[in-house]
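Shown next: protein.txt, containing compact mmCIF, C-alpha atoms and all ligand atoms.
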```
# COMPACT_ATOMS: atom_id res chain seq x y z
CA MET A 1 0.00 0.00 0.00
CA VAL A 2 1.22 3.55 -0.76
CA PRO A 3 2.12 5.37 2.49
CA HIS A 4 -0.62 7.83 3.45
CA CYS A 5 1.74 10.77 3.99
CA PRO A 6 5.52 10.51 3.89
CA ALA A 7 5.88 13.66 6.02
CA GLU A 8 4.25 11.86 8.96
CA GLY A 9 7.37 9.92 9.97
CA PRO A 10 8.01 9.50 13.72
CA LEU A 11 10.34 12.52 13.82
CA GLU A 12 7.78 14.82 12.20
CA ARG A 13 5.25 14.12 14.96
CA LEU A 14 7.51 15.19 17.83
CA PRO A 15 6.24 18.43 19.38
CA ARG A 16 8.44 21.42 18.58
CA ALA A 17 9.98 23.43 21.39
CA GLY A 18 10.61 27.11 21.92
CA VAL A 19 13.11 28.31 24.52
CA VAL A 20 12.87 31.36 26.75
CA ILE A 21 16.03 32.62 28.43
CA PRO A 22 15.45 35.23 31.16
CA ALA A 23 18.67 37.26 31.31
CA ALA A 24 17.35 40.62 32.51
CA GLY A 25 18.27 40.41 36.20
CA SER A 26 20.32 43.10 37.90
CA GLY A 27 22.88 40.70 39.46
CA THR A 28 22.46 42.29 42.89
CA ARG A 29 24.03 39.37 44.81
CA MET A 30 26.91 39.24 42.30
CA GLY A 31 27.73 42.90 43.10
CA ARG A 32 25.33 44.50 40.56
CA VAL A 33 27.22 43.20 37.53
CA ALA A 34 25.57 42.05 34.29
CA LYS A 35 25.90 38.31 35.01
CA PRO A 36 24.95 37.13 31.48
CA PHE A 37 27.87 39.05 29.99
CA LEU A 38 30.56 38.02 32.45
CA GLU A 39 33.25 35.82 30.93
CA LEU A 40 33.35 32.25 32.12
CA ALA A 41 36.41 30.29 30.93
CA GLY A 42 36.74 32.58 27.91
CA GLN A 43 33.06 32.70 26.84
CA PRO A 44 30.13 34.85 28.03
CA VAL A 45 27.84 33.20 30.59
CA LEU A 46 24.80 33.82 28.36
CA TRP A 47 26.48 32.19 25.36
CA ARG A 48 27.16 29.07 27.42
CA ALA A 49 23.55 28.99 28.70
CA LEU A 50 22.16 29.43 25.15
CA ARG A 51 24.37 27.07 23.17
CA PRO A 52 22.84 23.68 24.14
CA PHE A 53 19.40 24.92 23.10
CA LEU A 54 20.37 26.75 19.90
CA GLY A 55 22.01 23.58 18.61
CA HIS A 56 19.19 21.21 19.66
CA PRO A 57 17.19 19.53 16.87
CA ARG A 58 13.83 19.93 18.66
CA VAL A 59 14.21 23.71 19.11
CA GLU A 60 12.30 25.97 16.75
CA GLY A 61 13.28 29.31 18.25
CA VAL A 62 14.91 30.97 21.25
CA VAL A 63 13.93 34.29 22.84
CA VAL A 64 16.27 36.05 25.26
CA ALA A 65 14.94 38.70 27.68
CA LEU A 66 17.54 41.40 28.37
CA ALA A 67 17.76 44.38 30.72
CA PRO A 68 16.80 47.60 28.85
CA GLU A 69 20.37 48.87 28.37
CA TRP A 70 21.55 45.53 26.93
CA PHE A 71 18.43 45.20 24.79
CA ARG A 72 19.11 48.63 23.28
CA SER A 73 22.72 47.79 22.62
CA PRO A 74 23.54 44.08 22.74
CA PRO A 75 27.15 42.95 22.40
CA ALA A 76 28.27 42.16 18.84
CA TRP A 77 28.42 38.35 19.36
CA LEU A 78 24.77 38.33 20.48
CA ALA A 79 23.56 40.75 17.79
CA ALA A 80 25.19 38.45 15.21
CA LEU A 81 23.06 35.50 16.41
CA VAL A 82 19.75 37.38 15.99
CA GLY A 83 17.75 35.88 13.12
CA PRO A 84 14.96 33.38 12.46
CA ARG A 85 16.10 31.13 15.35
CA LEU A 86 16.93 33.77 17.95
CA SER A 87 15.30 37.01 19.00
CA LEU A 88 15.73 39.50 21.83
CA VAL A 89 13.08 41.22 23.94
CA GLU A 90 13.23 43.80 26.70
CA GLY A 91 12.78 42.15 30.11
CA GLY A 92 10.79 43.51 33.04
CA GLU A 93 11.20 44.39 36.71
CA THR A 94 10.78 40.78 37.85
CA ARG A 95 11.76 37.39 36.43
CA THR A 96 8.04 36.73 35.93
CA ALA A 97 7.64 39.87 33.79
CA SER A 98 10.78 39.01 31.77
CA VAL A 99 9.62 35.45 31.08
CA LEU A 100 6.15 36.61 30.03
CA ALA A 101 7.62 39.17 27.59
CA ALA A 102 9.75 36.42 26.01
CA LEU A 103 6.90 33.88 25.97
CA GLU A 104 4.75 36.30 23.99
CA ALA A 105 7.52 36.69 21.40
CA LEU A 106 7.96 32.97 20.67
CA PRO A 107 7.40 31.86 17.09
CA ALA A 108 4.01 30.39 16.16
CA GLY A 109 4.00 26.63 15.74
CA VAL A 110 5.78 25.92 19.00
CA ASP A 111 3.98 23.30 21.14
CA LEU A 112 6.32 23.22 24.14
CA VAL A 113 8.28 25.90 25.94
CA ALA A 114 11.49 25.45 27.92
CA VAL A 115 12.48 28.22 30.30
CA HIS A 116 16.16 28.30 31.19
CA ASP A 117 17.90 30.88 33.39
CA ALA A 118 20.86 32.66 31.82
CA ALA A 119 22.50 32.24 35.23
CA ARG A 120 22.95 28.47 34.60
CA PRO A 121 25.73 28.27 32.02
CA LEU A 122 26.70 24.65 32.77
CA VAL A 123 23.48 23.09 31.51
CA ASP A 124 23.87 20.23 29.07
CA PRO A 125 21.45 18.85 26.46
CA ASP A 126 20.84 15.59 28.39
CA ILE A 127 18.94 17.48 31.07
CA PHE A 128 16.77 19.14 28.42
CA ASP A 129 16.17 15.73 26.79
CA ARG A 130 14.99 14.28 30.11
CA CYS A 131 12.54 17.17 30.51
CA LEU A 132 11.30 16.70 26.94
CA ALA A 133 10.74 12.99 27.60
CA ALA A 134 8.66 13.69 30.74
CA VAL A 135 6.52 16.63 29.57
CA GLY A 136 3.07 15.75 28.21
CA PRO A 137 -0.40 17.14 27.56
CA GLY A 138 -1.35 19.21 30.63
CA ARG A 139 1.91 18.28 32.39
CA GLY A 140 5.16 20.19 32.88
CA ALA A 141 8.60 18.75 33.71
CA VAL A 142 11.23 20.47 35.80
CA ALA A 143 14.91 19.62 36.27
CA GLY A 144 16.07 19.37 39.86
CA TRP A 145 18.31 17.60 42.33
CA PRO A 146 17.43 15.96 45.68
CA ALA A 147 18.36 17.89 48.83
CA VAL A 148 21.31 16.33 50.61
CA ASP A 149 21.59 18.58 53.65
CA THR A 150 19.05 18.41 56.45
CA LEU A 151 16.57 21.23 55.91
CA LYS A 152 15.52 23.74 58.55
CA GLU A 153 12.84 26.36 58.48
CA VAL A 154 14.34 29.36 60.27
CA GLY A 155 12.49 32.27 61.80
CA GLU A 156 13.45 35.55 63.45
CA GLY A 157 16.73 35.62 65.34
CA GLY A 158 17.84 32.40 63.64
CA ARG A 159 15.42 30.29 65.65
CA ILE A 160 14.64 26.95 64.02
CA LEU A 161 10.92 26.47 63.52
CA ALA A 162 10.78 23.12 61.76
CA THR A 163 12.82 20.26 60.25
CA PRO A 164 10.89 18.99 57.23
CA CYS A 165 11.47 15.46 55.98
CA ARG A 166 14.47 15.81 53.62
CA GLU A 167 13.52 12.79 51.52
CA ARG A 168 10.70 14.71 49.88
CA PHE A 169 12.67 17.88 49.02
CA TRP A 170 14.44 18.70 45.78
CA HIS A 171 16.19 21.84 44.57
CA ALA A 172 14.45 23.09 41.45
CA GLN A 173 16.76 24.03 38.58
CA THR A 174 16.11 25.04 35.00
CA PRO A 175 15.30 24.05 32.27
CA GLN A 176 11.60 23.78 33.10
CA VAL A 177 9.48 22.58 30.18
CA PHE A 178 5.71 22.94 29.70
CA PRO A 179 3.07 22.78 27.01
CA ARG A 180 3.04 26.32 25.66
CA ASP A 181 -0.67 27.01 26.36
CA LEU A 182 -0.38 25.77 29.96
CA LEU A 183 2.59 28.02 30.73
CA LEU A 184 1.18 31.04 28.94
CA SER A 185 -2.13 30.85 30.85
CA ALA A 186 -0.30 30.36 34.17
CA TYR A 187 1.83 33.46 33.46
CA ARG A 188 -1.06 35.61 32.25
CA GLU A 189 -3.17 34.67 35.28
CA ALA A 190 -0.28 35.38 37.69
CA VAL A 191 0.44 38.78 36.16
CA ARG A 192 -3.27 39.69 36.13
CA GLU A 193 -3.48 38.85 39.84
CA GLY A 194 -0.19 40.59 40.71
CA ARG A 195 1.56 37.34 41.70
CA SER A 196 5.11 36.43 40.77
CA GLY A 197 7.21 33.32 41.30
CA THR A 198 10.88 32.49 41.55
CA ASP A 199 10.37 29.70 39.03
CA ASP A 200 7.91 28.73 36.33
CA ALA A 201 6.56 25.56 37.91
CA ALA A 202 5.26 27.53 40.91
CA LEU A 203 2.85 29.47 38.70
CA VAL A 204 1.59 26.30 37.01
CA GLU A 205 1.24 24.55 40.40
CA GLU A 206 -0.76 27.51 41.78
CA MET A 207 -3.18 27.08 38.87
CA GLY A 208 -3.64 23.41 39.85
CA GLY A 209 -1.47 22.13 36.99
CA GLU A 210 0.62 18.97 37.19
CA VAL A 211 4.42 19.29 37.14
CA VAL A 212 6.87 16.42 37.54
CA MET A 213 10.46 16.58 38.75
CA VAL A 214 13.14 15.01 36.57
CA GLU A 215 16.82 14.47 37.24
CA GLY A 216 18.88 17.59 36.59
CA SER A 217 22.50 17.63 37.63
CA PRO A 218 24.59 18.84 40.58
CA TRP A 219 26.82 20.43 37.91
CA ASN A 220 23.95 22.61 36.70
CA LEU A 221 25.10 25.37 39.04
CA LYS A 222 23.29 28.69 39.31
CA LEU A 223 25.66 31.67 39.39
CA THR A 224 24.51 33.79 42.28
CA TRP A 225 27.46 34.91 44.41
CA PRO A 226 30.87 36.12 43.08
CA GLU A 227 32.54 32.87 44.32
CA ASP A 228 30.21 30.82 42.09
CA LEU A 229 32.15 31.99 39.02
CA ARG A 230 35.31 30.37 40.31
CA VAL A 231 33.47 27.13 41.12
CA ALA A 232 31.84 27.14 37.67
CA GLU A 233 35.24 27.57 36.01
CA LEU A 234 36.63 24.60 37.92
CA LEU A 235 33.59 22.48 37.03
CA LEU A 236 33.94 23.45 33.36
CA LYS A 237 37.59 22.45 33.38
CA LEU A 238 36.69 19.05 34.89
CA LYS A 239 33.82 18.58 32.39
CA GLU A 240 35.94 19.51 29.39
CA GLY A 241 38.76 17.31 30.67
CA ALA A 242 36.30 14.42 30.99
CA GLY A 243 34.86 14.99 27.50
O1 LIG B 301 17.02 36.65 40.43
P1 LIG B 301 17.09 35.21 40.09
O2 LIG B 301 18.35 34.56 40.58
O3 LIG B 301 15.87 34.41 40.41
O4 LIG B 301 17.21 35.21 38.48
C1 LIG B 301 17.05 34.04 37.71
C2 LIG B 301 17.13 34.43 36.24
O5 LIG B 301 16.09 35.34 35.94
C3 LIG B 301 18.46 35.09 35.85
O6 LIG B 301 18.94 34.51 34.64
C4 LIG B 301 18.07 36.56 35.69
O7 LIG B 301 18.84 37.24 34.69
C5 LIG B 301 16.61 36.46 35.24
N1 LIG B 301 15.82 37.67 35.59
C6 LIG B 301 15.19 38.37 34.56
N2 LIG B 301 14.48 39.53 34.85
C7 LIG B 301 14.43 39.99 36.11
C8 LIG B 301 15.06 39.28 37.17
C9 LIG B 301 15.75 38.11 36.89
O8 LIG B 301 15.25 37.96 33.39
N3 LIG B 301 13.78 41.14 36.34
```
For this file, write the structure as structure tokens.
Amino acid sequence: MVPHCPAEGPLERLPRAGVVIPAAGSGTRMGRVAKPFLELAGQPVLWRALRPFLGHPRVEGVVVALAPEWFRSPPAWLAALVGPRLSLVEGGETRTASVLAALEALPAGVDLVAVHDAARPLVDPDIFDRCLAAVGPGRGAVAGWPAVDTLKEVGEGGRILATPCRERFWHAQTPQVFPRDLLLSAYREAVREGRSGTDDAALVEEMGGEVVMVEGSPWNLKLTWPEDLRVAELLLKLKEGAG
């Protein structure tokens, strides 16, 4: 029998992903420096955070949210990447506002959206693949790592209020991947109601949506404090030595 439609091979049916990179923070804890444009082992942090997604076969387009001054005048290496697969938008006052601005600029035809913080330059494509394998209709998937230290809830004056059961706690990382419509409605609802979150899953959870945790990596460090740059450089050296 003649095949019904040759374009309907297994690869063609895989949902296409868009990627949102919030990079519009003010780097307060890093000493008010533009974290995405710091050099890490010879390459900008943002370039390292972008690269695994730009080169991924499932990715249709990437949108980067930048602080106003960087949006108005991006560095030459970033301006040179702008084209059908990468665009820039102006971020907002909060991470939530920056992600929403980028979400609204994603190309049409994208079924899934991955959000990945520019502050995580050590991400590798395996983590993204695990998220893509776990995401489904009405369900998001978030990279994370189980807590290893005992956790304490601490109140005023350093007084310990509670010791929750560590076994059930994970550190949430990015990427976080969701069906596009689910994430967009969670963001629009949060912004309408004046809520914001420190990650994307929180907004979907608040709407009653299902989100599953998948294995990220302890190497998927988030650059927050100045010392983190040094640690990231050492980890990169080890990674590149191992590869
Ligand atoms: O501040 P926080 O560590 O949660 O930032 C996580 C990510 O969100 C960073 O990559 C930062 O650049 C981005 N962000 C943003 N717009 C803001 C604040 C943070 O894009 N207004």
> Skipping near chain neighbours, those fewer than 6 positions away, what residues fall within 6 Å of A:Met30 using only C-alpha atoms, listed as a list in words?
Replying inline: Thr224, Trp225 and Pro226 of chain A
>> Report as a PyMOL selection string all protein, DNA and RNA residues lying within 12 Å of stretch 204-208 of chain A, evaluated on only C-alpha atoms, omitting residues in the same chain fewer than 6 positions from it.
In response: chain A and resi 138-142+176-190+193+195-197
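In terms of minimum interatomic distance to ligand LIG 301 (chain B), A:Leu88 ranks closest within A:Leu88, A:Leu235, A:Met213, A:Ala162, counting all atoms listed in the file.
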>> Which residues are near A:Glu90? Cut-off 6 Å, only C-alpha atoms, ignore same chain within fewer than 5 positions. Put them as a VMD selection string.
In response: chain A and resid 65 to 66 68 71
Sorted per-residue table, chain A near ligand LIG 301 (chain B), closest atoms and distance, 10 Å, all atoms listed in the file, as JSON lines:
```
{"residue": "A:Val20", "atom": "CA", "partner": "B:LIG301", "partner_atom": "O8", "distance": 9.7}
{"residue": "A:Ile21", "atom": "CA", "partner": "B:LIG301", "partner_atom": "O6", "distance": 7.1}
{"residue": "A:Pro22", "atom": "CA", "partner": "B:LIG301", "partner_atom": "O8", "distance": 3.5}
{"residue": "A:Ala23", "atom": "CA", "partner": "B:LIG301", "partner_atom": "O7", "distance": 3.4}
{"residue": "A:Ala24", "atom": "CA", "partner": "B:LIG301", "partner_atom": "O8", "distance": 3.5}
{"residue": "A:Gly25", "atom": "CA", "partner": "B:LIG301", "partner_atom": "C9", "distance": 3.5}
{"residue": "A:Ser26", "atom": "CA", "partner": "B:LIG301", "partner_atom": "C8", "distance": 6.5}
{"residue": "A:Gly27", "atom": "CA", "partner": "B:LIG301", "partner_atom": "O7", "distance": 7.1}
{"residue": "A:Thr28", "atom": "CA", "partner": "B:LIG301", "partner_atom": "O1", "distance": 8.2}
{"residue": "A:Arg29", "atom": "CA", "partner": "B:LIG301", "partner_atom": "O2", "distance": 8.6}
{"residue": "A:Met30", "atom": "CA", "partner": "B:LIG301", "partner_atom": "O2", "distance": 9.9}
{"residue": "A:Ala34", "atom": "CA", "partner": "B:LIG301", "partner_atom": "O7", "distance": 8.3}
{"residue": "A:Lys35", "atom": "CA", "partner": "B:LIG301", "partner_atom": "O7", "distance": 7.1}
{"residue": "A:Pro36", "atom": "CA", "partner": "B:LIG301", "partner_atom": "O7", "distance": 6.9}
{"residue": "A:Val45", "atom": "CA", "partner": "B:LIG301", "partner_atom": "O6", "distance": 9.9}
{"residue": "A:Leu46", "atom": "CA", "partner": "B:LIG301", "partner_atom": "O6", "distance": 8.6}
{"residue": "A:Ala49", "atom": "CA", "partner": "B:LIG301", "partner_atom": "O6", "distance": 9.3}
{"residue": "A:Val64", "atom": "CA", "partner": "B:LIG301", "partner_atom": "O8", "distance": 8.4}
{"residue": "A:Ala65", "atom": "CA", "partner": "B:LIG301", "partner_atom": "O8", "distance": 5.8}
{"residue": "A:Leu66", "atom": "CA", "partner": "B:LIG301", "partner_atom": "O8", "distance": 6.5}
{"residue": "A:Ala67", "atom": "CA", "partner": "B:LIG301", "partner_atom": "N2", "distance": 7.2}
{"residue": "A:Glu90", "atom": "CA", "partner": "B:LIG301", "partner_atom": "O8", "distance": 9.1}
{"residue": "A:Gly91", "atom": "CA", "partner": "B:LIG301", "partner_atom": "N2", "distance": 5.7}
{"residue": "A:Gly92", "atom": "CA", "partner": "B:LIG301", "partner_atom": "N3", "distance": 5.0}
{"residue": "A:Glu93", "atom": "CA", "partner": "B:LIG301", "partner_atom": "N3", "distance": 4.2}
{"residue": "A:Thr94", "atom": "CA", "partner": "B:LIG301", "partner_atom": "N3", "distance": 3.4}
{"residue": "A:Arg95", "atom": "CA", "partner": "B:LIG301", "partner_atom": "C7", "distance": 3.7}
{"residue": "A:Thr96", "atom": "CA", "partner": "B:LIG301", "partner_atom": "N2", "distance": 7.1}
{"residue": "A:Ala97", "atom": "CA", "partner": "B:LIG301", "partner_atom": "N3", "distance": 6.8}
{"residue": "A:Ser98", "atom": "CA", "partner": "B:LIG301", "partner_atom": "N2", "distance": 4.8}
{"residue": "A:Val99", "atom": "CA", "partner": "B:LIG301", "partner_atom": "O8", "distance": 6.6}
{"residue": "A:Leu100", "atom": "CA", "partner": "B:LIG301", "partner_atom": "O8", "distance": 9.8}
{"residue": "A:Ala101", "atom": "CA", "partner": "B:LIG301", "partner_atom": "O8", "distance": 9.7}
{"residue": "A:Ala102", "atom": "CA", "partner": "B:LIG301", "partner_atom": "O8", "distance": 9.3}
{"residue": "A:Val115", "atom": "CA", "partner": "B:LIG301", "partner_atom": "C2", "distance": 9.8}
{"residue": "A:His116", "atom": "CA", "partner": "B:LIG301", "partner_atom": "O6", "distance": 7.6}
{"residue": "A:Asp117", "atom": "CA", "partner": "B:LIG301", "partner_atom": "O6", "distance": 4.0}
{"residue": "A:Ala118", "atom": "CA", "partner": "B:LIG301", "partner_atom": "O6", "distance": 3.9}
{"residue": "A:Ala119", "atom": "CA", "partner": "B:LIG301", "partner_atom": "O6", "distance": 4.3}
{"residue": "A:Arg120", "atom": "CA", "partner": "B:LIG301", "partner_atom": "O6", "distance": 7.3}
{"residue": "A:Pro121", "atom": "CA", "partner": "B:LIG301", "partner_atom": "O6", "distance": 9.6}
{"residue": "A:Thr174", "atom": "CA", "partner": "B:LIG301", "partner_atom": "C1", "distance": 9.4}
{"residue": "A:Gly197", "atom": "CA", "partner": "B:LIG301", "partner_atom": "O3", "distance": 8.8}
{"residue": "A:Thr198", "atom": "CA", "partner": "B:LIG301", "partner_atom": "O3", "distance": 5.5}
{"residue": "A:Asp199", "atom": "CA", "partner": "B:LIG301", "partner_atom": "O3", "distance": 7.4}
{"residue": "A:Lys222", "atom": "CA", "partner": "B:LIG301", "partner_atom": "O2", "distance": 7.8}
{"residue": "A:Leu223", "atom": "CA", "partner": "B:LIG301", "partner_atom": "O2", "distance": 8.0}
{"residue": "A:Thr224", "atom": "CA", "partner": "B:LIG301", "partner_atom": "O2", "distance": 6.4}
{"residue": "A:Trp225", "atom": "CA", "partner": "B:LIG301", "partner_atom": "O2", "distance": 9.9}
```
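Nearest to A:Gly209 of all the residues A:Pro137, A:Pro52, A:Pro44, A:Pro57 is A:Pro137, based on all atoms listed in the file.
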Around all the atoms of stretch 51-64 of chain A listed in the file, with 3 Å of room on each side, what axis-aligned box do you get, giving centre and edge lengths in Å to one decimal, as AutoDock Vina command-line options?
```
--center_x 18.3 --center_y 27.8 --center_z 21.0 --size_x 18.1 --size_y 22.5 --size_z 14.5
```
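Atom pair atom CA of A:Ala147 / atom CA of A:Phe169 has a distance of 5.7 Å (rounded to one decimal).
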Because the input lacks atoms here, generate N, CA, C and O atoms for stretch 141-160 of chain A and report them as a compact mmCIF listing (two decimals), keeping the file's coordinate frame.
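Generated output (selection.txt):
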```
# COMPACT_ATOMS: atom_id res chain seq x y z
N ALA A 141 7.48 19.53 33.16
CA ALA A 141 8.60 18.75 33.71
C ALA A 141 9.74 19.69 34.05
O ALA A 141 10.12 20.54 33.23
N VAL A 142 10.26 19.53 35.25
CA VAL A 142 11.23 20.47 35.80
C VAL A 142 12.49 19.71 36.20
O VAL A 142 12.41 18.67 36.85
N ALA A 143 13.65 20.25 35.84
CA ALA A 143 14.91 19.62 36.27
C ALA A 143 15.19 20.00 37.72
O ALA A 143 14.91 21.13 38.13
N GLY A 144 15.73 19.07 38.47
CA GLY A 144 16.07 19.37 39.86
C GLY A 144 17.03 18.35 40.42
O GLY A 144 17.47 17.43 39.71
N TRP A 145 17.37 18.51 41.69
CA TRP A 145 18.31 17.60 42.33
C TRP A 145 17.88 17.42 43.79
O TRP A 145 17.52 18.41 44.43
N PRO A 146 17.91 16.17 44.31
CA PRO A 146 17.43 15.96 45.68
C PRO A 146 18.28 16.71 46.71
O PRO A 146 19.51 16.78 46.56
N ALA A 147 17.63 17.22 47.74
CA ALA A 147 18.36 17.89 48.83
C ALA A 147 19.22 16.88 49.56
O ALA A 147 18.77 15.75 49.81
N VAL A 148 20.45 17.26 49.87
CA VAL A 148 21.31 16.33 50.61
C VAL A 148 21.51 16.79 52.06
O VAL A 148 21.70 15.97 52.97
N ASP A 149 21.46 18.09 52.27
CA ASP A 149 21.59 18.58 53.65
C ASP A 149 20.25 18.44 54.37
O ASP A 149 19.19 18.45 53.72
N THR A 150 20.29 18.36 55.68
CA THR A 150 19.05 18.41 56.45
C THR A 150 18.49 19.82 56.33
O THR A 150 19.24 20.80 56.38
N LEU A 151 17.18 19.91 56.14
CA LEU A 151 16.57 21.23 55.91
C LEU A 151 15.95 21.78 57.19
O LEU A 151 15.37 21.02 57.96
N LYS A 152 16.10 23.07 57.38
CA LYS A 152 15.52 23.74 58.55
C LYS A 152 14.71 24.94 58.09
O LYS A 152 15.18 25.70 57.24
N GLU A 153 13.56 25.11 58.69
CA GLU A 153 12.84 26.36 58.48
C GLU A 153 13.26 27.28 59.63
O GLU A 153 13.19 26.90 60.80
N VAL A 154 13.75 28.47 59.26
CA VAL A 154 14.34 29.36 60.27
C VAL A 154 13.55 30.65 60.38
O VAL A 154 13.21 31.28 59.37
N GLY A 155 13.25 31.04 61.58
CA GLY A 155 12.49 32.27 61.80
C GLY A 155 13.37 33.38 62.31
O GLY A 155 14.60 33.35 62.16
N GLU A 156 12.72 34.36 62.95
CA GLU A 156 13.45 35.55 63.45
C GLU A 156 14.53 35.16 64.46
O GLU A 156 14.34 34.21 65.23
N GLY A 157 15.64 35.87 64.39
CA GLY A 157 16.73 35.62 65.34
C GLY A 157 17.42 34.28 65.11
O GLY A 157 18.13 33.79 65.99
N GLY A 158 17.19 33.67 63.97
CA GLY A 158 17.84 32.40 63.64
C GLY A 158 17.19 31.20 64.30
O GLY A 158 17.70 30.08 64.23
N ARG A 159 16.05 31.41 64.94
CA ARG A 159 15.42 30.29 65.65
C ARG A 159 14.82 29.28 64.67
O ARG A 159 14.09 29.64 63.75
N ILE A 160 15.14 28.01 64.90
CA ILE A 160 14.64 26.95 64.02
C ILE A 160 13.18 26.66 64.36
O ILE A 160 12.83 26.43 65.52
```
